[in-house]
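J.: Supplied structure: data.cif, mmCIF, C-alpha atoms.
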data_my_file
loop_
_atom_site.label_atom_id
_atom_site.label_comp_id
_atom_site.auth_asym_id
_atom_site.auth_seq_id
_atom_site.Cartn_x
_atom_site.Cartn_y
_atom_site.Cartn_z
CA MET R 46 102.09 166.14 210.23
CA SER R 47 100.71 169.50 209.11
CA LEU R 48 97.87 169.72 206.60
CA GLU R 49 100.24 171.26 204.06
CA ASP R 50 102.66 168.33 204.37
CA LYS R 51 99.79 165.87 204.03
CA LEU R 52 98.40 167.58 200.92
CA HIS R 53 101.84 167.78 199.36
CA GLY R 54 102.23 164.02 199.86
CA TRP R 55 98.88 163.41 198.22
CA THR R 56 99.99 165.16 195.01
CA GLY R 57 102.43 162.35 194.23
CA PRO R 58 101.97 159.71 191.52
CA SER R 59 102.07 155.95 191.96
CA SER R 60 105.00 154.60 193.96
CA ALA R 61 108.09 153.28 192.18
CA THR R 62 106.98 149.71 192.92
CA GLU R 63 103.52 150.34 191.47
CA GLN R 64 105.04 151.99 188.40
CA GLU R 65 107.19 148.90 187.82
CA LYS R 66 104.08 146.72 188.02
CA GLN R 67 102.23 149.03 185.63
CA GLU R 68 105.06 148.94 183.10
CA ARG R 69 105.33 145.15 183.41
CA THR R 70 101.59 144.78 182.83
CA GLU R 71 101.68 146.95 179.73
CA ARG R 72 104.72 145.08 178.39
CA MET R 73 103.10 141.67 178.88
CA ILE R 74 99.93 142.81 177.09
CA ARG R 75 102.03 143.94 174.12
CA GLU R 76 103.83 140.58 174.13
CA ALA R 77 100.49 138.73 174.11
CA ILE R 78 99.32 140.67 171.06
CA ASP R 79 102.64 140.41 169.20
CA SER R 80 102.74 136.63 169.60
CA HIS R 81 99.12 136.01 168.52
CA ILE R 82 99.39 134.55 165.01
CA PRO R 83 95.87 135.56 163.82
CA PHE R 84 96.98 139.18 164.18
CA ASP R 85 99.72 138.69 161.58
CA GLY R 86 98.92 141.08 158.73
CA CYS R 87 96.54 143.14 160.86
CA SER R 88 97.65 146.69 161.53
CA LEU R 89 97.30 147.30 165.27
CA LYS R 90 98.23 150.31 167.35
CA VAL R 91 98.67 149.44 171.04
CA PHE R 92 98.93 152.33 173.48
CA ALA R 93 98.23 153.29 177.08
CA LYS R 94 95.47 155.76 177.76
CA GLY R 95 93.60 157.26 180.71
CA SER R 96 95.17 158.38 183.97
CA TYR R 97 98.10 155.94 183.69
CA ALA R 98 99.17 157.37 180.34
CA ASN R 99 98.52 160.93 181.44
CA ASN R 100 100.37 160.60 184.75
CA THR R 101 97.35 161.63 186.82
CA ASN R 102 96.86 158.27 188.54
CA VAL R 103 97.32 157.88 192.27
CA ARG R 104 98.49 155.07 194.51
CA SER R 105 95.05 153.61 195.16
CA ASP R 106 94.13 153.74 191.43
CA SER R 107 97.15 152.08 189.87
CA ASP R 108 95.44 150.01 187.17
CA VAL R 109 96.32 150.54 183.51
CA ASP R 110 94.11 151.16 180.50
CA ILE R 111 95.41 149.85 177.19
CA ALA R 112 93.78 150.54 173.82
CA VAL R 113 94.24 148.09 170.96
CA GLU R 114 93.31 150.05 167.86
CA CYS R 115 92.77 148.30 164.53
CA THR R 116 93.91 150.83 161.95
CA ASP R 117 92.90 148.66 158.98
CA VAL R 118 89.41 150.12 159.33
CA LEU R 119 88.48 153.81 159.54
CA TYR R 120 85.07 154.68 160.91
CA TRP R 121 83.93 158.26 160.49
CA ASP R 122 81.24 160.80 161.18
CA GLU R 123 80.60 164.36 160.09
CA SER R 124 79.46 167.55 161.78
CA GLU R 125 76.75 167.96 159.17
CA LYS R 126 75.61 165.92 156.21
CA GLY R 127 77.76 166.35 153.11
CA VAL R 128 80.92 167.60 154.80
CA HIS R 129 82.75 164.40 153.84
CA ALA R 130 82.31 162.33 150.71
CA PRO R 131 82.35 158.63 151.67
CA GLY R 132 84.76 156.23 149.99
CA ASP R 133 84.48 152.49 149.43
CA SER R 134 83.22 150.53 152.41
CA TYR R 135 85.56 148.14 154.22
CA LYS R 136 85.25 144.51 153.10
CA GLY R 137 87.95 142.90 155.23
CA VAL R 138 87.64 140.42 158.08
CA TRP R 139 88.20 142.74 161.04
CA THR R 140 84.74 143.28 162.42
CA PRO R 141 84.24 144.46 166.01
CA ALA R 142 83.26 140.93 167.04
CA LYS R 143 86.36 139.35 165.48
CA LEU R 144 88.73 141.91 166.95
CA ARG R 145 87.29 141.36 170.43
CA SER R 146 87.36 137.58 170.01
CA GLU R 147 90.97 137.40 168.84
CA LEU R 148 92.12 139.86 171.49
CA THR R 149 90.42 137.75 174.15
CA SER R 150 92.19 134.64 172.84
CA ALA R 151 95.57 136.39 172.82
CA LEU R 152 95.18 137.64 176.39
CA THR R 153 93.83 134.33 177.67
CA ALA R 154 96.88 132.51 176.29
CA LYS R 155 99.19 134.97 178.07
CA PHE R 156 97.20 135.30 181.31
CA PRO R 157 95.41 131.96 181.84
CA GLY R 158 92.68 132.15 184.43
CA GLN R 159 93.15 135.90 184.87
CA VAL R 160 91.00 137.27 182.03
CA ASP R 161 87.49 138.57 182.72
CA THR R 162 85.29 139.19 179.67
CA SER R 163 82.05 139.92 181.53
CA GLY R 164 82.26 143.69 180.98
CA SER R 165 80.57 145.30 178.00
CA THR R 166 83.52 147.45 176.98
CA ALA R 167 86.95 146.38 178.28
CA ILE R 168 88.58 142.98 178.64
CA GLN R 169 89.91 142.92 182.18
CA ILE R 170 93.12 141.25 183.28
CA ASN R 171 93.21 140.64 187.02
CA SER R 172 96.28 141.58 189.01
CA ASN R 173 98.73 139.39 190.88
CA SER R 174 101.79 140.11 193.02
CA ALA R 175 103.77 141.23 189.95
CA ARG R 176 101.07 143.05 187.96
CA VAL R 177 98.26 145.56 188.41
CA ASP R 178 94.72 145.25 187.08
CA ALA R 179 94.38 146.15 183.43
CA ASP R 180 91.50 147.09 181.15
CA VAL R 181 92.22 146.27 177.51
CA VAL R 182 89.87 147.99 175.07
CA PRO R 183 89.48 146.82 171.45
CA CYS R 184 88.77 149.76 169.16
CA PHE R 185 89.06 151.08 165.62
CA SER R 186 90.40 154.24 164.02
CA PHE R 187 87.86 157.05 163.87
CA ARG R 188 87.79 160.44 162.18
CA TYR R 189 85.31 163.25 162.72
CA TYR R 190 84.97 165.60 159.75
CA MET R 191 84.04 169.25 160.20
CA LYS R 192 83.69 172.00 157.60
CA HIS R 193 87.31 173.09 157.69
CA ASP R 194 89.03 170.49 159.80
CA SER R 195 88.92 166.94 161.14
CA ARG R 196 90.00 165.18 164.32
CA ASP R 197 91.14 161.63 164.89
CA GLY R 198 90.06 159.38 167.71
CA THR R 199 89.02 155.80 168.37
CA LYS R 200 85.65 154.09 168.06
CA ILE R 201 84.73 151.40 170.57
CA PHE R 202 81.99 148.86 169.94
CA LYS R 203 80.51 147.55 173.16
CA LYS R 204 79.11 144.04 173.57
CA ASP R 205 75.63 145.40 174.24
CA GLY R 206 75.44 146.89 170.75
CA ASN R 207 76.24 150.46 171.71
CA ASP R 208 79.36 152.31 170.64
CA LEU R 209 81.35 155.31 171.80
CA VAL R 210 84.11 157.57 170.57
CA ASN R 211 87.21 158.52 172.57
CA TYR R 212 89.90 161.11 171.93
CA PRO R 213 92.88 159.89 174.00
CA ALA R 214 95.53 161.78 172.02
CA GLN R 215 93.78 165.09 172.59
CA GLN R 216 93.38 164.33 176.30
CA LYS R 217 97.11 163.70 176.64
CA GLU R 218 98.09 166.76 174.60
CA ASN R 219 95.77 169.14 176.47
CA GLY R 220 96.73 167.80 179.88
CA THR R 221 100.42 168.22 179.10
CA ALA R 222 99.87 171.77 177.83
CA LYS R 223 97.97 172.79 180.97
CA ASN R 224 100.57 171.15 183.17
CA ASN R 225 103.32 173.14 181.45
CA ALA R 226 101.29 176.36 181.68
CA THR R 227 100.80 175.92 185.45
CA ASN R 228 104.46 175.21 186.24
CA TYR R 229 103.64 171.48 186.56
CA ALA R 230 100.97 172.07 189.21
CA TYR R 231 97.88 170.93 187.24
CA LYS R 232 98.61 167.18 187.28
CA LYS R 233 99.60 167.33 190.92
CA GLY R 234 96.32 169.12 191.60
CA ALA R 235 94.36 166.48 189.71
CA ARG R 236 96.06 163.74 191.73
CA LEU R 237 95.35 165.65 194.94
CA LEU R 238 91.61 165.78 194.17
CA LYS R 239 91.61 162.08 193.29
CA ARG R 240 93.31 161.15 196.55
CA ILE R 241 90.81 163.19 198.52
CA GLU R 242 87.91 161.54 196.66
CA ASN R 243 89.35 158.09 197.37
CA ILE R 244 89.91 158.84 201.05
CA MET R 245 86.42 160.28 201.52
CA ALA R 246 84.88 157.27 199.75
CA ALA R 247 86.87 154.87 201.96
CA ASP R 248 85.71 156.76 205.06
CA ARG R 249 82.13 156.80 203.71
CA ALA R 250 82.21 160.56 203.95
CA PHE R 251 81.19 160.89 200.29
CA ARG R 252 80.08 158.71 197.41
CA GLU R 253 82.62 157.36 194.91
CA LEU R 254 83.02 159.29 191.67
CA PRO R 255 84.83 158.34 188.42
CA SER R 256 88.51 159.22 188.34
CA PHE R 257 88.18 160.83 184.90
CA PHE R 258 85.45 163.14 186.15
CA ILE R 259 87.66 164.33 189.01
CA GLU R 260 90.47 164.96 186.53
CA CYS R 261 88.10 167.04 184.40
CA LEU R 262 87.09 169.13 187.41
CA ALA R 263 90.74 170.01 187.95
CA TYR R 264 91.23 170.72 184.24
CA ASN R 265 88.40 173.26 184.19
CA CYS R 266 89.94 175.29 186.99
CA PRO R 267 91.72 178.34 185.53
CA ASN R 268 95.50 178.37 185.53
CA SER R 269 95.51 181.16 188.13
CA VAL R 270 94.10 178.72 190.70
CA PHE R 271 97.37 176.77 190.53
CA SER R 272 99.57 179.84 191.01
CA HIS R 273 99.20 180.00 194.81
CA SER R 274 102.33 179.33 196.84
CA THR R 275 101.06 176.39 198.95
CA TRP R 276 98.96 173.32 198.30
CA THR R 277 96.56 174.36 201.03
CA GLU R 278 95.86 177.59 199.16
CA ARG R 279 95.69 175.85 195.77
CA LEU R 280 93.27 173.26 197.05
CA ARG R 281 91.03 175.87 198.68
CA ALA R 282 91.00 177.79 195.40
CA MET R 283 90.19 174.67 193.34
CA LEU R 284 87.37 173.54 195.59
CA PHE R 285 85.83 177.00 195.81
CA TYR R 286 86.05 177.51 192.04
CA ILE R 287 84.42 174.14 191.34
CA TRP R 288 81.64 174.72 193.87
CA ASP R 289 80.97 178.32 192.86
CA ASN R 290 81.00 177.75 189.09
CA LEU R 291 78.78 174.65 189.11
CA GLN R 292 75.83 176.40 190.73
CA GLY R 293 72.56 176.25 188.83
CA ASP R 294 71.74 174.60 185.53
CA GLU R 295 74.05 174.05 182.57
CA PRO R 296 74.62 177.37 180.75
CA ARG R 297 74.34 177.85 177.01
CA GLU R 298 77.79 179.41 176.73
CA ASN R 299 81.18 178.83 178.35
CA ARG R 300 80.33 175.25 179.16
CA TRP R 301 82.93 173.04 180.86
CA LEU R 302 84.73 170.52 178.66
CA GLU R 303 86.33 167.14 179.12
CA VAL R 304 90.14 167.24 179.09
CA ASN R 305 90.09 166.24 175.42
CA GLU R 306 88.05 169.42 174.69
CA CYS R 307 85.99 167.41 172.19
CA PHE R 308 82.97 166.83 174.44
CA PHE R 309 81.05 168.89 176.96
CA LEU R 310 81.63 167.68 180.50
CA PHE R 311 77.94 167.84 181.38
CA HIS R 312 75.13 166.52 179.19
CA SER R 313 72.30 164.01 179.42
CA GLY R 314 74.48 161.07 178.36
CA GLN R 315 77.10 161.52 181.10
CA GLU R 316 77.21 159.38 184.23
CA TRP R 317 77.84 162.47 186.38
CA THR R 318 76.12 165.82 186.86
CA ARG R 319 76.94 169.38 187.87
CA LYS R 320 75.53 168.53 191.29
CA ASP R 321 78.09 165.71 191.67
CA GLY R 322 80.92 168.19 191.15
CA ARG R 323 79.34 170.77 193.44
CA ASP R 324 78.68 168.23 196.18
CA PHE R 325 82.19 166.81 195.91
CA ALA R 326 83.78 170.23 196.34
CA LYS R 327 81.63 171.03 199.37
CA ALA R 328 82.25 167.61 200.96
CA ALA R 329 86.02 167.90 200.47
CA TRP R 330 86.01 171.44 201.90
CA ASN R 331 84.21 170.27 205.03
CA TYR R 332 86.22 167.03 205.31
CA LEU R 333 89.46 169.00 205.45
CA GLY R 334 88.07 171.51 207.93
CA PHE R 335 88.36 174.57 205.71
CA GLU R 336 86.53 177.69 206.81
#
Translate the structure of the given file into structure tokens.
T.:
Amino acid sequence: MSLEDKLHGWTGPSSATEQEKQERTERMIREAIDSHIPFDGCSLKVFAKGSYANNTNVRSDSDVDIAVECTDVLYWDESEKGVHAPGDSYKGVWTPAKLRSELTSALTAKFPGQVDTSGSTAIQINSNSARVDADVVPCFSFRYYMKHDSRDGTKIFKKDGNDLVNYPAQQKENGTAKNNATNYAYKKGARLLKRIENIMAADRAFRELPSFFIECLAYNCPNSVFSHSTWTERLRAMLFYIWDNLQGDEPRENRWLEVNECFFLFHSGQEWTRKDGRDFAKAAWNYLGFE
């Protein structure tokens, strides 16, 4: 098999069998929540997020991420003090602890013996022959107010007392827009980089990196990188662009963004660095024998 044929094969999504398992897993999670009586009267929004929802997952990363958003409560923040006038505080029963507790009960009833609550953020459902692994994340509606605009996301309260904000809708919208603008090459390119990262990690040729980070590396490549006629040329262009543009320290301007375009990709709170991206690109280049 030629390198081009191999790379083309690596751009593919999960297999049809894996997709069936993913869809079954998501459906069963929805059924568990719908049948949980304590949730009656609670407004919940259940949706897939992450690489599964954005169609950038690959065969070796076929788990699903499901958000369970309580929309009865709206948490908020502002870009600067006074941008938003606060309203009455929420006095209902749906605290972060109660939402997590009831969600755990609902999932345990549906998946007895398969629920792992040891993580600080997600409730994990272990896979079996008919399902894939799933991370179910309890969260609340969130809105960030700016001077002339606002953006909606979700707020997650972790068990260790910390919290974080996600913008899954923006990630999906931006990824789709870039995919359309690159003649559907961007998502294939993101999957290609993820497959290479997985293969190098399995071969102990390079350390494992988060799937979302790899997706963001592909997203920050300009659309022109995806316009080459072969996947060999596209991959060479992606890897060189990533390596070349992540040299040195973080600049003050033209900083790389996450796919949601709401956060900078590199900052002190991230679990990855510019060096991780640079090293990955160099390792992949050498692993594939590019010159």
J.: Determine the residue set returned by the PyMOL selection byres ((chain R and resi 306) around 12) for the present structure, and present it as an MDAnalysis selection string.
T.: chainID R and resid 196 211:220 261 264:265 300:305 307:310
J.: Those same residues - C-alpha atoms - I'd like them written as a compact mmCIF listing (two decimals), keeping the file's coordinate frame.
T.:
# COMPACT_ATOMS: atom_id res chain seq x y z
CA ARG R 196 90.00 165.18 164.32
CA ASN R 211 87.21 158.52 172.57
CA TYR R 212 89.90 161.11 171.93
CA PRO R 213 92.88 159.89 174.00
CA ALA R 214 95.53 161.78 172.02
CA GLN R 215 93.78 165.09 172.59
CA GLN R 216 93.38 164.33 176.30
CA LYS R 217 97.11 163.70 176.64
CA GLU R 218 98.09 166.76 174.60
CA ASN R 219 95.77 169.14 176.47
CA GLY R 220 96.73 167.80 179.88
CA CYS R 261 88.10 167.04 184.40
CA TYR R 264 91.23 170.72 184.24
CA ASN R 265 88.40 173.26 184.19
CA ARG R 300 80.33 175.25 179.16
CA TRP R 301 82.93 173.04 180.86
CA LEU R 302 84.73 170.52 178.66
CA GLU R 303 86.33 167.14 179.12
CA VAL R 304 90.14 167.24 179.09
CA ASN R 305 90.09 166.24 175.42
CA CYS R 307 85.99 167.41 172.19
CA PHE R 308 82.97 166.83 174.44
CA PHE R 309 81.05 168.89 176.96
CA LEU R 310 81.63 167.68 180.50
J.: Mind listing as a list in words all residues within 9 Å of (79.9, 170.6, 194.3), counting only C-alpha atoms?
T.: Leu284, Phe285, Ile287, Trp288, Asp289, Asn290, Leu291, Gln292, Arg319, Lys320, Asp321, Gly322, Arg323, Asp324, Phe325, Ala326, Lys327 and Ala328 of chain R
J.: Pick from R:Arg75, R:Arg104, R:Lys143, R:His129: nearest to R:Leu237, with only C-alpha atoms counted?
T.: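 Among the listed residues, R:Arg104 lies closest to R:Leu237.
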J.: Applied to this file, what does the PyMOL selection byres ((chain R and resi 110-118) around 10) return in terms of residues, put as number ranges by chain?
T.: R: 67, 70-71, 74-75, 78, 86-98, 107-109, 119-121, 134-141, 144-145, 148, 167-169, 178-187, 198-201, 213
J.: What does the distance from atom CA of R:Tyr231 to atom CA of R:Thr62 come to in Å, to one decimal?
T.: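 Atom CA of R:Tyr231 sits 23.8 Å away from atom CA of R:Thr62.
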J.: In terms of the shortest atom-to-atom distance over only C-alpha atoms, which of R:Ile82, R:Val128, R:Ala175, R:Leu48 is closest to R:Lys66?
T.: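 When distances to R:Lys66 are compared using only C-alpha atoms, the smallest one comes from R:Ala175.
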J.: Quick one: distance from atom CA of R:Tyr332 to atom CA of R:Phe257 in Å, one decimal?
T.: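 Distance reported for this atom pair: 21.4 Å.
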J.: Hey, can I get the axis-aligned box for stretch 259-270 of chain R? All listed atoms, 5 Å padding on each side, centre and edge lengths in Å to one decimal, as lines of an AutoDock Vina configuration file.
T.:
center_x = 91.3
center_y = 172.7
center_z = 187.4
size_x = 18.4
size_y = 26.8
size_z = 16.5
J.: Report, in Å to a single decimal, how far apart atom CA of R:Thr275 and atom CA of R:Lys232 are.
T.: 15.1 Å
J.: Go through R:Ser256, R:Asn171, R:Thr56, R:Ser195 one by one, measure the shortest atom-to-atom distance of each to R:Glu123 using only C-alpha atoms, and give the residue with the smallest value.
T.: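 Once distances to R:Glu123 are computed over only C-alpha atoms, the minimum belongs to R:Ser195.
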J.: Out of R:Asn207, R:Trp55, R:Pro255, R:Gln159, which residue has the shortest atom-to-atom distance to R:Trp317 when counting all atoms listed in the file?
T.: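 Among the listed residues, the smallest separation from R:Trp317 belongs to R:Pro255.
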J.: Got a sec: who's within 9 Å of R:Lys204, counting only C-alpha atoms, leaving out chain neighbours fewer than 2 positions off, as a PyMOL selection string?
T.: chain R and resi 142+164-166+202+206-208
J.: Got time to write the residues from that selection, C-alpha atoms, as a PDB file, in the frame of the given file?
T.:
ATOM      1  CA  ALA R 142      83.260 140.930 167.040  1.00  0.00           C
ATOM      2  CA  GLY R 164      82.260 143.690 180.980  1.00  0.00           C
ATOM      3  CA  SER R 165      80.570 145.300 178.000  1.00  0.00           C
ATOM      4  CA  THR R 166      83.520 147.450 176.980  1.00  0.00           C
ATOM      5  CA  PHE R 202      81.990 148.860 169.940  1.00  0.00           C
ATOM      6  CA  GLY R 206      75.440 146.890 170.750  1.00  0.00           C
ATOM      7  CA  ASN R 207      76.240 150.460 171.710  1.00  0.00           C
ATOM      8  CA  ASP R 208      79.360 152.310 170.640  1.00  0.00           C
TER       9      ASP R 208
END
